[in-house]
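Data from final_37.txt: compact mmCIF, C-alpha atoms
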# COMPACT_ATOMS: atom_id res chain seq x y z
CA MET A 36 -77.83 -7.82 7.50
CA GLN A 37 -75.31 -5.54 9.17
CA ALA A 38 -75.34 -5.41 12.97
CA GLY A 39 -76.99 -2.31 14.39
CA LYS A 40 -78.56 -1.33 11.11
CA PRO A 41 -82.30 -0.78 11.48
CA VAL A 42 -84.60 -3.30 9.83
CA LEU A 43 -87.89 -2.24 8.29
CA TYR A 44 -90.57 -4.90 8.12
CA SER A 45 -92.06 -3.72 4.89
CA PHE A 46 -94.56 -4.68 2.22
CA PHE A 47 -93.89 -3.01 -1.12
CA ARG A 48 -97.56 -2.26 -1.78
CA SER A 49 -98.55 -0.99 1.66
CA SER A 50 -99.16 2.74 1.85
CA CYS A 51 -98.27 2.59 5.56
CA SER A 52 -94.85 1.05 4.83
CA TRP A 53 -94.29 3.62 2.10
CA ARG A 54 -94.81 6.47 4.57
CA VAL A 55 -92.01 5.12 6.73
CA ARG A 56 -89.72 4.48 3.76
CA ILE A 57 -90.07 8.14 2.76
CA ALA A 58 -89.19 9.21 6.31
CA LEU A 59 -86.12 6.97 6.33
CA ALA A 60 -84.99 8.37 2.97
CA LEU A 61 -85.47 11.97 4.11
CA LYS A 62 -83.61 11.27 7.34
CA GLU A 63 -80.86 9.58 5.29
CA ILE A 64 -81.04 6.50 7.48
CA ASP A 65 -79.57 3.37 5.93
CA TYR A 66 -81.72 0.31 6.65
CA ASP A 67 -82.39 -3.28 5.66
CA THR A 68 -85.76 -4.35 4.39
CA PHE A 69 -87.39 -7.47 5.73
CA PRO A 70 -90.27 -8.08 3.34
CA ILE A 71 -93.49 -9.34 4.87
CA SER A 72 -96.52 -9.90 2.73
CA LEU A 73 -99.02 -9.98 5.57
CA ILE A 74 -99.02 -6.67 7.28
CA LYS A 75 -101.03 -5.22 10.08
CA ASP A 76 -102.25 -2.04 8.49
CA GLY A 77 -103.17 0.96 10.51
CA GLY A 78 -101.50 3.85 12.14
CA GLN A 79 -98.57 2.00 13.74
CA GLN A 80 -96.36 3.61 11.12
CA LEU A 81 -97.08 7.10 12.45
CA ALA A 82 -95.62 5.94 15.78
CA ILE A 83 -92.44 4.96 13.91
CA ILE A 84 -92.29 8.34 12.19
CA GLU A 85 -92.73 10.24 15.46
CA TYR A 86 -90.00 8.07 17.00
CA LEU A 87 -87.65 8.80 14.09
CA GLU A 88 -88.37 12.49 14.48
CA GLU A 89 -87.53 12.45 18.18
CA THR A 90 -84.37 10.40 17.90
CA ARG A 91 -83.07 11.75 14.55
CA PRO A 92 -84.04 15.41 14.18
CA THR A 93 -81.54 15.86 11.30
CA PRO A 94 -81.06 16.29 8.36
CA VAL A 95 -84.73 17.11 7.84
CA ARG A 96 -87.40 17.79 10.46
CA LEU A 97 -90.73 16.10 9.79
CA LEU A 98 -92.62 18.18 12.36
CA PRO A 99 -92.40 21.99 12.50
CA GLN A 100 -91.14 23.58 15.73
CA ASP A 101 -94.22 25.78 16.13
CA PRO A 102 -96.98 23.99 18.12
CA LYS A 103 -99.80 25.33 15.92
CA LYS A 104 -98.07 24.20 12.75
CA ARG A 105 -97.30 20.85 14.39
CA ALA A 106 -101.00 20.50 15.13
CA SER A 107 -101.80 21.19 11.47
CA VAL A 108 -99.31 18.53 10.39
CA ARG A 109 -100.84 16.02 12.80
CA LEU A 110 -104.39 17.00 11.83
CA ILE A 111 -103.64 16.21 8.18
CA SER A 112 -101.64 13.07 8.98
CA ASP A 113 -104.38 11.74 11.22
CA LEU A 114 -107.11 12.60 8.74
CA ILE A 115 -105.33 10.38 6.22
CA ALA A 116 -104.06 7.69 8.60
CA SER A 117 -107.26 7.38 10.66
CA GLY A 118 -109.97 8.89 8.47
CA ILE A 119 -109.18 7.52 5.02
CA GLN A 120 -106.59 4.74 4.82
CA PRO A 121 -108.21 2.34 7.36
CA LEU A 122 -111.52 2.49 5.47
CA GLN A 123 -110.02 1.34 2.20
CA ASN A 124 -107.33 -1.10 3.25
CA LEU A 125 -107.25 -4.70 2.09
CA SER A 126 -108.89 -6.26 5.12
CA VAL A 127 -111.85 -3.88 5.06
CA LEU A 128 -112.38 -4.29 1.31
CA LYS A 129 -112.40 -8.04 1.82
CA LYS A 130 -115.16 -7.65 4.40
CA VAL A 131 -117.10 -5.36 2.07
CA GLY A 132 -117.05 -7.99 -0.65
CA GLN A 133 -115.86 -7.99 -4.24
CA GLU A 134 -118.93 -6.46 -5.84
CA ALA A 135 -119.24 -3.41 -3.61
CA GLN A 136 -115.57 -2.69 -2.90
CA LEU A 137 -114.70 -0.34 -5.77
CA THR A 138 -117.63 1.99 -5.01
CA TRP A 139 -116.91 1.77 -1.28
CA ALA A 140 -113.25 2.71 -1.76
CA GLN A 141 -114.09 5.57 -4.10
CA GLU A 142 -116.67 6.96 -1.67
CA VAL A 143 -114.49 6.90 1.42
CA ILE A 144 -111.49 8.37 -0.42
CA SER A 145 -113.54 11.12 -2.10
CA SER A 146 -115.21 12.12 1.13
CA GLY A 147 -111.82 12.17 2.89
CA PHE A 148 -110.18 14.15 0.10
CA GLU A 149 -112.97 16.71 0.24
CA ALA A 150 -112.19 17.36 3.91
CA LEU A 151 -108.46 17.32 3.18
CA GLU A 152 -108.64 19.78 0.27
CA HIS A 153 -110.60 22.12 2.53
CA ILE A 154 -107.94 21.97 5.26
CA LEU A 155 -105.12 22.43 2.74
CA GLN A 156 -106.74 25.67 1.55
CA SER A 157 -105.64 27.24 4.81
CA THR A 158 -102.42 25.32 5.55
CA ALA A 159 -100.70 24.61 2.24
CA GLY A 160 -97.73 26.36 0.72
CA LYS A 161 -95.45 24.41 -1.53
CA TYR A 162 -96.23 21.40 0.68
CA CYS A 163 -99.16 20.37 2.90
CA VAL A 164 -98.21 22.79 5.69
CA GLY A 165 -96.29 25.81 4.45
CA ASN A 166 -93.06 25.47 2.55
CA GLU A 167 -91.36 22.81 4.66
CA ILE A 168 -91.83 19.13 4.05
CA SER A 169 -93.50 17.30 6.96
CA MET A 170 -95.09 14.06 8.13
CA ALA A 171 -98.31 15.21 6.43
CA ASP A 172 -96.59 14.97 3.03
CA LEU A 173 -95.41 11.45 3.84
CA CYS A 174 -99.05 10.50 4.38
CA LEU A 175 -100.37 12.33 1.33
CA VAL A 176 -98.42 10.66 -1.48
CA PRO A 177 -99.20 7.00 -0.63
CA GLN A 178 -102.87 7.92 -0.17
CA VAL A 179 -103.06 9.65 -3.56
CA ALA A 180 -101.49 6.53 -5.11
CA ASN A 181 -104.28 4.48 -3.51
CA ALA A 182 -106.85 6.91 -4.88
CA GLN A 183 -105.44 6.45 -8.36
CA LYS A 184 -105.49 2.67 -7.95
CA PHE A 185 -109.22 2.94 -7.27
CA LYS A 186 -109.69 5.39 -10.18
CA VAL A 187 -110.84 8.30 -8.03
CA ASP A 188 -111.25 11.49 -10.09
CA LEU A 189 -108.70 13.93 -8.65
CA SER A 190 -109.84 17.01 -10.56
CA PRO A 191 -111.98 18.33 -7.65
CA TYR A 192 -108.82 18.41 -5.49
CA PRO A 193 -106.36 20.77 -7.19
CA ILE A 194 -104.21 21.41 -4.11
CA ILE A 195 -103.86 17.70 -3.31
CA ASN A 196 -102.98 17.08 -6.94
CA ARG A 197 -100.37 19.84 -7.12
CA ILE A 198 -98.62 18.94 -3.87
CA ASN A 199 -98.57 15.26 -4.83
CA LYS A 200 -96.82 16.07 -8.09
CA THR A 201 -94.26 18.29 -6.38
CA LEU A 202 -93.48 15.55 -3.87
CA LEU A 203 -93.25 12.75 -6.42
CA ALA A 204 -90.45 14.67 -8.14
CA MET A 205 -88.29 14.32 -5.00
CA GLU A 206 -85.69 11.60 -4.65
CA ALA A 207 -86.95 10.44 -1.22
CA PHE A 208 -90.40 9.73 -2.62
CA GLN A 209 -88.98 7.89 -5.61
CA VAL A 210 -86.54 5.54 -3.88
CA SER A 211 -89.29 4.60 -1.42
CA HIS A 212 -91.89 4.01 -4.16
CA PRO A 213 -93.70 0.62 -4.18
CA SER A 214 -92.35 -0.03 -7.68
CA ARG A 215 -88.75 -0.01 -6.40
CA GLN A 216 -88.75 -2.26 -3.34
CA PRO A 217 -86.88 -5.54 -2.79
CA ASP A 218 -90.20 -7.42 -2.67
CA THR A 219 -91.73 -5.71 -5.72
CA PRO A 220 -92.59 -8.44 -8.25
CA PRO A 221 -90.77 -8.04 -11.61
CA GLU A 222 -93.96 -7.13 -13.52
CA LEU A 223 -94.59 -4.14 -11.20
CA ARG A 224 -91.04 -2.76 -11.21
CA ALA A 225 -90.38 0.75 -12.43
CA MET B 137 -118.60 32.05 27.16
CA GLN B 138 -115.64 33.68 28.86
CA ALA B 139 -113.05 35.38 26.61
CA GLY B 140 -109.87 33.40 26.14
CA LYS B 141 -111.33 30.21 27.53
CA PRO B 142 -110.89 27.31 25.11
CA VAL B 143 -114.00 25.93 23.44
CA LEU B 144 -114.37 22.23 22.72
CA TYR B 145 -116.66 21.34 19.85
CA SER B 146 -117.94 18.16 21.36
CA PHE B 147 -120.52 15.45 20.90
CA PHE B 148 -121.39 13.64 24.14
CA ARG B 149 -121.45 10.20 22.50
CA SER B 150 -118.31 10.49 20.37
CA SER B 151 -115.39 8.42 21.60
CA CYS B 152 -113.06 10.90 19.89
CA SER B 153 -114.49 13.84 21.83
CA TRP B 154 -114.29 11.83 25.02
CA ARG B 155 -110.54 11.28 24.53
CA VAL B 156 -110.01 15.04 24.42
CA ARG B 157 -112.30 15.67 27.39
CA ILE B 158 -110.19 13.28 29.48
CA ALA B 159 -107.03 15.12 28.40
CA LEU B 160 -108.55 18.48 29.35
CA ALA B 161 -109.60 17.12 32.74
CA LEU B 162 -106.16 15.66 33.43
CA LYS B 163 -104.48 18.90 32.35
CA GLU B 164 -106.94 20.80 34.59
CA ILE B 165 -107.89 23.08 31.72
CA ASP B 166 -111.17 24.89 32.16
CA TYR B 167 -113.16 24.98 28.90
CA ASP B 168 -116.55 25.65 27.39
CA THR B 169 -118.41 22.97 25.47
CA PHE B 170 -119.98 23.79 22.16
CA PRO B 171 -122.14 20.78 21.42
CA ILE B 172 -122.30 19.62 17.81
CA SER B 173 -124.27 16.56 16.88
CA LEU B 174 -122.62 16.08 13.51
CA ILE B 175 -118.99 15.38 14.00
CA LYS B 176 -116.20 14.48 11.68
CA ASP B 177 -114.89 11.35 13.34
CA GLY B 178 -111.32 10.20 12.96
CA GLY B 179 -108.00 10.97 14.41
CA GLN B 180 -108.23 14.78 14.48
CA GLN B 181 -108.58 14.48 18.23
CA LEU B 182 -105.10 12.98 18.58
CA ALA B 183 -103.73 16.16 17.01
CA ILE B 184 -105.51 18.14 19.74
CA ILE B 185 -104.05 15.92 22.45
CA GLU B 186 -100.51 16.25 21.07
CA TYR B 187 -101.01 20.03 20.91
CA LEU B 188 -102.20 20.12 24.53
CA GLU B 189 -99.20 18.07 25.55
CA GLU B 190 -96.77 20.44 23.84
CA THR B 191 -98.34 23.65 25.11
CA ARG B 192 -99.42 22.46 28.58
CA PRO B 193 -96.94 19.90 29.90
CA THR B 194 -98.32 20.24 33.45
CA PRO B 195 -99.88 19.04 35.75
CA VAL B 196 -99.80 15.63 34.05
CA ARG B 197 -97.73 14.53 31.06
CA LEU B 198 -99.64 12.46 28.53
CA LEU B 199 -96.50 11.27 26.73
CA PRO B 200 -93.51 9.77 28.55
CA GLN B 201 -90.13 11.51 28.17
CA ASP B 202 -88.37 8.36 26.96
CA PRO B 203 -88.60 8.02 23.13
CA LYS B 204 -89.18 4.25 23.24
CA LYS B 205 -91.98 4.58 25.75
CA ARG B 206 -93.43 7.46 23.70
CA ALA B 207 -93.42 5.15 20.69
CA SER B 208 -95.31 2.52 22.69
CA VAL B 209 -97.89 5.12 23.73
CA ARG B 210 -98.32 6.22 20.11
CA LEU B 211 -98.42 2.63 18.85
CA ILE B 212 -101.33 1.86 21.16
CA SER B 213 -103.08 5.17 20.52
CA ASP B 214 -102.80 4.74 16.76
CA LEU B 215 -103.90 1.13 16.89
CA ILE B 216 -107.13 2.31 18.53
CA ALA B 217 -107.56 5.61 16.67
CA SER B 218 -106.63 4.27 13.21
CA GLY B 219 -107.06 0.52 13.47
CA ILE B 220 -110.28 0.13 15.42
CA GLN B 221 -112.38 3.28 15.92
CA PRO B 222 -112.64 4.32 12.24
CA LEU B 223 -113.95 0.86 11.29
CA GLN B 224 -116.87 0.99 13.71
CA ASN B 225 -117.87 4.63 13.68
CA LEU B 226 -121.35 5.81 12.76
CA SER B 227 -120.68 6.67 9.13
CA VAL B 228 -119.07 3.31 8.37
CA LEU B 229 -121.84 1.36 10.10
CA LYS B 230 -124.36 3.28 8.03
CA LYS B 231 -122.54 2.21 4.87
CA VAL B 232 -122.42 -1.39 6.07
CA GLY B 233 -126.18 -1.44 6.52
CA GLN B 234 -128.44 -2.19 9.44
CA GLU B 235 -128.49 -5.97 9.13
CA ALA B 236 -124.74 -6.55 9.01
CA GLN B 237 -123.53 -3.78 11.29
CA LEU B 238 -123.55 -5.51 14.67
CA THR B 239 -121.46 -8.45 13.40
CA TRP B 240 -119.17 -6.04 11.53
CA ALA B 241 -118.56 -3.93 14.62
CA GLN B 242 -117.96 -6.97 16.83
CA GLU B 243 -115.47 -8.42 14.35
CA VAL B 244 -113.38 -5.29 13.87
CA ILE B 245 -113.31 -4.56 17.61
CA SER B 246 -112.42 -8.14 18.56
CA SER B 247 -109.66 -8.34 16.01
CA GLY B 248 -108.27 -5.00 17.15
CA PHE B 249 -108.51 -5.94 20.84
CA GLU B 250 -106.62 -9.16 20.14
CA ALA B 251 -103.71 -7.15 18.72
CA LEU B 252 -104.00 -4.64 21.56
CA GLU B 253 -104.04 -7.25 24.34
CA HIS B 254 -100.89 -8.75 22.80
CA ILE B 255 -99.09 -5.39 22.81
CA LEU B 256 -100.22 -4.64 26.37
CA GLN B 257 -98.62 -7.89 27.55
CA SER B 258 -95.25 -6.26 27.03
CA THR B 259 -96.05 -2.60 27.78
CA ALA B 260 -98.65 -2.50 30.56
CA GLY B 261 -98.12 -1.76 34.20
CA LYS B 262 -100.93 -0.19 36.15
CA TYR B 263 -101.84 1.61 32.89
CA CYS B 264 -101.33 0.88 29.19
CA VAL B 265 -97.65 1.83 29.26
CA GLY B 266 -96.04 1.31 32.65
CA ASN B 267 -97.36 3.04 35.74
CA GLU B 268 -97.91 6.51 34.33
CA ILE B 269 -101.13 7.56 32.68
CA SER B 270 -100.72 8.47 28.99
CA MET B 271 -102.50 9.28 25.74
CA ALA B 272 -102.92 5.53 25.21
CA ASP B 273 -105.20 5.36 28.26
CA LEU B 274 -107.29 8.23 26.88
CA CYS B 275 -107.88 6.16 23.78
CA LEU B 276 -108.54 2.91 25.60
CA VAL B 277 -111.50 3.82 27.80
CA PRO B 278 -113.78 5.28 25.07
CA GLN B 279 -113.00 2.30 22.83
CA VAL B 280 -113.90 -0.20 25.56
CA ALA B 281 -117.17 1.68 26.05
CA ASN B 282 -117.85 1.24 22.33
CA ALA B 283 -117.04 -2.45 22.61
CA GLN B 284 -119.57 -2.79 25.41
CA LYS B 285 -122.17 -0.93 23.38
CA PHE B 286 -121.74 -3.58 20.67
CA LYS B 287 -121.79 -6.39 23.26
CA VAL B 288 -118.25 -7.58 22.57
CA ASP B 289 -117.20 -10.30 25.04
CA LEU B 290 -114.27 -8.82 26.96
CA SER B 291 -113.22 -11.97 28.81
CA PRO B 292 -110.45 -12.83 26.27
CA TYR B 293 -108.81 -9.46 27.05
CA PRO B 294 -108.00 -9.47 30.79
CA ILE B 295 -105.39 -6.68 30.61
CA ILE B 296 -107.67 -4.35 28.62
CA ASN B 297 -110.43 -5.10 31.10
CA ARG B 298 -108.31 -4.48 34.18
CA ILE B 299 -106.79 -1.20 32.94
CA ASN B 300 -110.20 0.05 31.83
CA LYS B 301 -111.61 -0.51 35.32
CA THR B 302 -108.66 1.22 36.98
CA LEU B 303 -109.08 4.23 34.70
CA LEU B 304 -112.84 4.49 35.09
CA ALA B 305 -112.34 4.95 38.81
CA MET B 306 -110.45 8.19 38.17
CA GLU B 307 -112.15 11.58 38.40
CA ALA B 308 -110.87 12.74 34.95
CA PHE B 309 -112.51 9.79 33.23
CA GLN B 310 -115.77 10.31 35.11
CA VAL B 311 -116.30 14.03 34.55
CA SER B 312 -115.56 13.52 30.83
CA HIS B 313 -117.92 10.54 30.52
CA PRO B 314 -120.62 10.71 27.80
CA SER B 315 -123.30 10.39 30.47
CA ARG B 316 -122.27 13.70 32.05
CA GLN B 317 -121.99 16.14 29.15
CA PRO B 318 -124.03 19.31 28.49
CA ASP B 319 -125.55 17.69 25.40
CA THR B 320 -126.33 14.34 27.05
CA PRO B 321 -130.08 13.75 26.74
CA PRO B 322 -131.85 13.36 30.13
CA GLU B 323 -132.58 9.65 29.63
CA LEU B 324 -128.86 8.89 29.22
CA ARG B 325 -127.61 10.95 32.15
CA ALA B 326 -125.68 9.29 34.97

Take the structure in this file and express it as structure tokens.
Amino acid sequence: MQAGKPVLYSFFRSSCSWRVRIALALKEIDYDTFPISLIKDGGQQLAIIEYLEETRPTPVRLLPQDPKKRASVRLISDLIASGIQPLQNLSVLKKVGQEAQLTWAQEVISSGFEALEHILQSTAGKYCVGNEISMADLCLVPQVANAQKFKVDLSPYPIINRINKTLLAMEAFQVSHPSRQPDTPPELRA
Amino acid sequence: MQAGKPVLYSFFRSSCSWRVRIALALKEIDYDTFPISLIKDGGQQLAIIEYLEETRPTPVRLLPQDPKKRASVRLISDLIASGIQPLQNLSVLKKVGQEAQLTWAQEVISSGFEALEHILQSTAGKYCVGNEISMADLCLVPQVANAQKFKVDLSPYPIINRINKTLLAMEAFQVSHPSRQPDTPPELRA
């Protein structure tokens, strides 16, 4: 590893790591990946994103300048990072037990997406909040991927579905994708 | 209600509402309470706190100026708001079922407090991050109250315990306490 280059402790499959990888790609920050297979899930990665935003405001801002729009971005990010992801992460599903875990995951994601779709009705433009990409979009895509993993029907959430597709077409979301990480096993590579 | 005065949709018992009530008290913002007994738990309340911070930086800052210290404050806040609280809130405990819920709550809180105590070893001064009160402290106190409700043994977490006691002695944490809200039932009043 090159001196002074940031190191991301990352797990290819973690939706929380993916959020940060998207931010790094959008900010055009070159970094080394230190793969770790045991990760402490949770919101820690939002703290990293806020830190990146404060120390590297260019080339892309991840939080709008306007306080009300910033609040919308954080509302959506927190809904995903606190209201959905923690309820369907690996450690919780393990506690829930093998038999019940698929139903559990589907229920918590669907109920979260219902709230999210409702919020997006008043905030969304091309992206989650208006027509500028933001931290909310970084949270959305990894969560939709989790929903698909658990076979959640996305048809009741047309706005989520549309924004997700728009974002997945962007380079930053592709290079950061779980299927293209240094620790992605060969059989899962894109 | 007075025109222009902010209204907080609040539930006396919600740890998320309590976080915001502490912020309002510290910011010396006069507000009306609109009690709602059904609340959407989760991180939404951190978005409110960040909004308050950006629009009302005085009389007390809830985020330090230094980006690294800000990241520590957000790390701790997110650990509580995404890593602990969502796993022991009412709707999850309902899903877990009456028999298993006490053990479930104790386990997720203890495991979260272990991580938190470890972080505080390197960040704490008088408060969670150094000697200035911050958003992290607003998250700590309501979560410790939840831990006590579920009879979690706090002796393995001396720093959490000490900071919690220091904070509870402050006016802002007392006026915002669940036992002193307009919707607190008489038998639970302080």

If chain A is fitted onto chain B by least squares over all C-alpha atoms, taken pair by pair in sequence order, what do its new coordinates look like as a short mmCIF file (atom, residue, chain, number, x, y, z; two decimals) with C-alpha atoms, in the frame of the given file?
data_model
loop_
_atom_site.label_atom_id
_atom_site.label_comp_id
_atom_site.auth_asym_id
_atom_site.auth_seq_id
_atom_site.Cartn_x
_atom_site.Cartn_y
_atom_site.Cartn_z
CA MET A 36 -118.56 32.04 27.14
CA GLN A 37 -115.61 33.69 28.83
CA ALA A 38 -113.05 35.38 26.58
CA GLY A 39 -109.86 33.39 26.10
CA LYS A 40 -111.34 30.22 27.51
CA PRO A 41 -110.89 27.30 25.12
CA VAL A 42 -114.00 25.94 23.44
CA LEU A 43 -114.38 22.24 22.73
CA TYR A 44 -116.66 21.34 19.85
CA SER A 45 -117.94 18.16 21.38
CA PHE A 46 -120.54 15.46 20.91
CA PHE A 47 -121.40 13.65 24.14
CA ARG A 48 -121.47 10.21 22.50
CA SER A 49 -118.33 10.49 20.38
CA SER A 50 -115.41 8.42 21.61
CA CYS A 51 -113.06 10.89 19.88
CA SER A 52 -114.51 13.85 21.82
CA TRP A 53 -114.30 11.83 25.03
CA ARG A 54 -110.57 11.29 24.53
CA VAL A 55 -110.03 15.04 24.42
CA ARG A 56 -112.32 15.68 27.40
CA ILE A 57 -110.21 13.29 29.47
CA ALA A 58 -107.04 15.12 28.41
CA LEU A 59 -108.56 18.48 29.35
CA ALA A 60 -109.61 17.13 32.75
CA LEU A 61 -106.16 15.66 33.43
CA LYS A 62 -104.50 18.90 32.37
CA GLU A 63 -106.95 20.80 34.60
CA ILE A 64 -107.88 23.08 31.73
CA ASP A 65 -111.18 24.90 32.16
CA TYR A 66 -113.16 25.00 28.91
CA ASP A 67 -116.56 25.66 27.40
CA THR A 68 -118.39 22.99 25.47
CA PHE A 69 -119.98 23.80 22.16
CA PRO A 70 -122.16 20.78 21.44
CA ILE A 71 -122.30 19.62 17.85
CA SER A 72 -124.28 16.58 16.91
CA LEU A 73 -122.64 16.04 13.54
CA ILE A 74 -119.02 15.34 14.05
CA LYS A 75 -116.22 14.46 11.74
CA ASP A 76 -114.90 11.35 13.38
CA GLY A 77 -111.37 10.23 12.97
CA GLY A 78 -108.02 10.94 14.42
CA GLN A 79 -108.23 14.75 14.49
CA GLN A 80 -108.58 14.47 18.25
CA LEU A 81 -105.11 12.96 18.61
CA ALA A 82 -103.75 16.15 17.02
CA ILE A 83 -105.52 18.14 19.75
CA ILE A 84 -104.06 15.91 22.45
CA GLU A 85 -100.53 16.24 21.09
CA TYR A 86 -101.02 20.02 20.92
CA LEU A 87 -102.22 20.11 24.54
CA GLU A 88 -99.21 18.07 25.55
CA GLU A 89 -96.79 20.45 23.85
CA THR A 90 -98.35 23.65 25.12
CA ARG A 91 -99.43 22.46 28.61
CA PRO A 92 -96.94 19.88 29.90
CA THR A 93 -98.33 20.23 33.47
CA PRO A 94 -99.88 19.03 35.75
CA VAL A 95 -99.80 15.63 34.06
CA ARG A 96 -97.74 14.52 31.07
CA LEU A 97 -99.64 12.45 28.52
CA LEU A 98 -96.50 11.27 26.72
CA PRO A 99 -93.51 9.77 28.55
CA GLN A 100 -90.13 11.51 28.17
CA ASP A 101 -88.38 8.36 26.95
CA PRO A 102 -88.60 8.01 23.13
CA LYS A 103 -89.17 4.23 23.25
CA LYS A 104 -91.98 4.58 25.75
CA ARG A 105 -93.42 7.45 23.70
CA ALA A 106 -93.41 5.15 20.69
CA SER A 107 -95.31 2.52 22.70
CA VAL A 108 -97.89 5.11 23.73
CA ARG A 109 -98.32 6.22 20.11
CA LEU A 110 -98.40 2.63 18.85
CA ILE A 111 -101.33 1.85 21.16
CA SER A 112 -103.08 5.17 20.52
CA ASP A 113 -102.79 4.74 16.77
CA LEU A 114 -103.90 1.12 16.89
CA ILE A 115 -107.12 2.30 18.53
CA ALA A 116 -107.55 5.60 16.67
CA SER A 117 -106.63 4.28 13.21
CA GLY A 118 -107.05 0.51 13.47
CA ILE A 119 -110.28 0.12 15.42
CA GLN A 120 -112.38 3.26 15.93
CA PRO A 121 -112.65 4.31 12.23
CA LEU A 122 -113.94 0.85 11.29
CA GLN A 123 -116.85 0.98 13.70
CA ASN A 124 -117.87 4.62 13.67
CA LEU A 125 -121.35 5.78 12.75
CA SER A 126 -120.67 6.66 9.13
CA VAL A 127 -119.06 3.30 8.36
CA LEU A 128 -121.84 1.33 10.08
CA LYS A 129 -124.35 3.26 8.01
CA LYS A 130 -122.54 2.19 4.85
CA VAL A 131 -122.42 -1.41 6.06
CA GLY A 132 -126.18 -1.44 6.50
CA GLN A 133 -128.44 -2.21 9.43
CA GLU A 134 -128.49 -5.99 9.12
CA ALA A 135 -124.74 -6.57 8.99
CA GLN A 136 -123.53 -3.78 11.28
CA LEU A 137 -123.56 -5.53 14.67
CA THR A 138 -121.46 -8.45 13.40
CA TRP A 139 -119.17 -6.07 11.52
CA ALA A 140 -118.56 -3.94 14.62
CA GLN A 141 -117.95 -6.97 16.81
CA GLU A 142 -115.47 -8.43 14.32
CA VAL A 143 -113.39 -5.30 13.85
CA ILE A 144 -113.30 -4.55 17.59
CA SER A 145 -112.41 -8.14 18.55
CA SER A 146 -109.65 -8.36 15.99
CA GLY A 147 -108.28 -4.99 17.16
CA PHE A 148 -108.50 -5.94 20.82
CA GLU A 149 -106.62 -9.16 20.12
CA ALA A 150 -103.70 -7.15 18.72
CA LEU A 151 -104.00 -4.64 21.56
CA GLU A 152 -104.02 -7.26 24.34
CA HIS A 153 -100.89 -8.75 22.80
CA ILE A 154 -99.09 -5.39 22.81
CA LEU A 155 -100.21 -4.64 26.37
CA GLN A 156 -98.62 -7.90 27.55
CA SER A 157 -95.25 -6.25 27.03
CA THR A 158 -96.05 -2.59 27.78
CA ALA A 159 -98.63 -2.51 30.56
CA GLY A 160 -98.12 -1.76 34.21
CA LYS A 161 -100.94 -0.19 36.14
CA TYR A 162 -101.83 1.61 32.90
CA CYS A 163 -101.34 0.89 29.19
CA VAL A 164 -97.64 1.82 29.25
CA GLY A 165 -96.04 1.32 32.65
CA ASN A 166 -97.35 3.04 35.73
CA GLU A 167 -97.91 6.52 34.33
CA ILE A 168 -101.12 7.56 32.67
CA SER A 169 -100.72 8.48 28.99
CA MET A 170 -102.51 9.29 25.74
CA ALA A 171 -102.92 5.53 25.21
CA ASP A 172 -105.21 5.36 28.26
CA LEU A 173 -107.29 8.23 26.90
CA CYS A 174 -107.87 6.16 23.77
CA LEU A 175 -108.53 2.90 25.60
CA VAL A 176 -111.51 3.83 27.78
CA PRO A 177 -113.78 5.30 25.06
CA GLN A 178 -112.99 2.31 22.83
CA VAL A 179 -113.89 -0.21 25.55
CA ALA A 180 -117.17 1.68 26.05
CA ASN A 181 -117.85 1.24 22.32
CA ALA A 182 -117.04 -2.45 22.61
CA GLN A 183 -119.56 -2.80 25.40
CA LYS A 184 -122.17 -0.92 23.36
CA PHE A 185 -121.73 -3.56 20.66
CA LYS A 186 -121.79 -6.39 23.24
CA VAL A 187 -118.25 -7.58 22.56
CA ASP A 188 -117.18 -10.30 25.02
CA LEU A 189 -114.25 -8.81 26.94
CA SER A 190 -113.22 -11.96 28.79
CA PRO A 191 -110.45 -12.83 26.26
CA TYR A 192 -108.81 -9.46 27.05
CA PRO A 193 -107.98 -9.46 30.77
CA ILE A 194 -105.38 -6.68 30.61
CA ILE A 195 -107.66 -4.36 28.63
CA ASN A 196 -110.43 -5.10 31.09
CA ARG A 197 -108.31 -4.46 34.18
CA ILE A 198 -106.78 -1.20 32.94
CA ASN A 199 -110.20 0.06 31.84
CA LYS A 200 -111.60 -0.50 35.31
CA THR A 201 -108.66 1.23 36.98
CA LEU A 202 -109.07 4.24 34.70
CA LEU A 203 -112.84 4.49 35.08
CA ALA A 204 -112.34 4.94 38.83
CA MET A 205 -110.44 8.20 38.18
CA GLU A 206 -112.14 11.58 38.39
CA ALA A 207 -110.86 12.75 34.96
CA PHE A 208 -112.50 9.80 33.24
CA GLN A 209 -115.76 10.32 35.10
CA VAL A 210 -116.29 14.05 34.55
CA SER A 211 -115.56 13.54 30.85
CA HIS A 212 -117.93 10.55 30.53
CA PRO A 213 -120.62 10.71 27.79
CA SER A 214 -123.31 10.40 30.47
CA ARG A 215 -122.26 13.72 32.05
CA GLN A 216 -121.98 16.17 29.16
CA PRO A 217 -124.01 19.33 28.51
CA ASP A 218 -125.55 17.73 25.41
CA THR A 219 -126.31 14.37 27.05
CA PRO A 220 -130.07 13.77 26.74
CA PRO A 221 -131.85 13.40 30.13
CA GLU A 222 -132.57 9.68 29.63
CA LEU A 223 -128.83 8.92 29.22
CA ARG A 224 -127.59 10.99 32.17
CA ALA A 225 -125.68 9.32 34.97
#

TODO: May I ask you to extract the residues of chain B within 8 Å of chain A, using only C-alpha atoms, and to give them as a ChimeraX atom specification?
DONE: /B:177-180,182-184,186-187,190-191,203-204,206-208,210-212,214-215,217-219,222-223,232

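Considering the residues B:Gly266, B:Cys275, B:Glu307, B:Ala241 and counting only C-alpha atoms, Lys287 (chain B) has its shortest atom-to-atom contact with B:Ala241.
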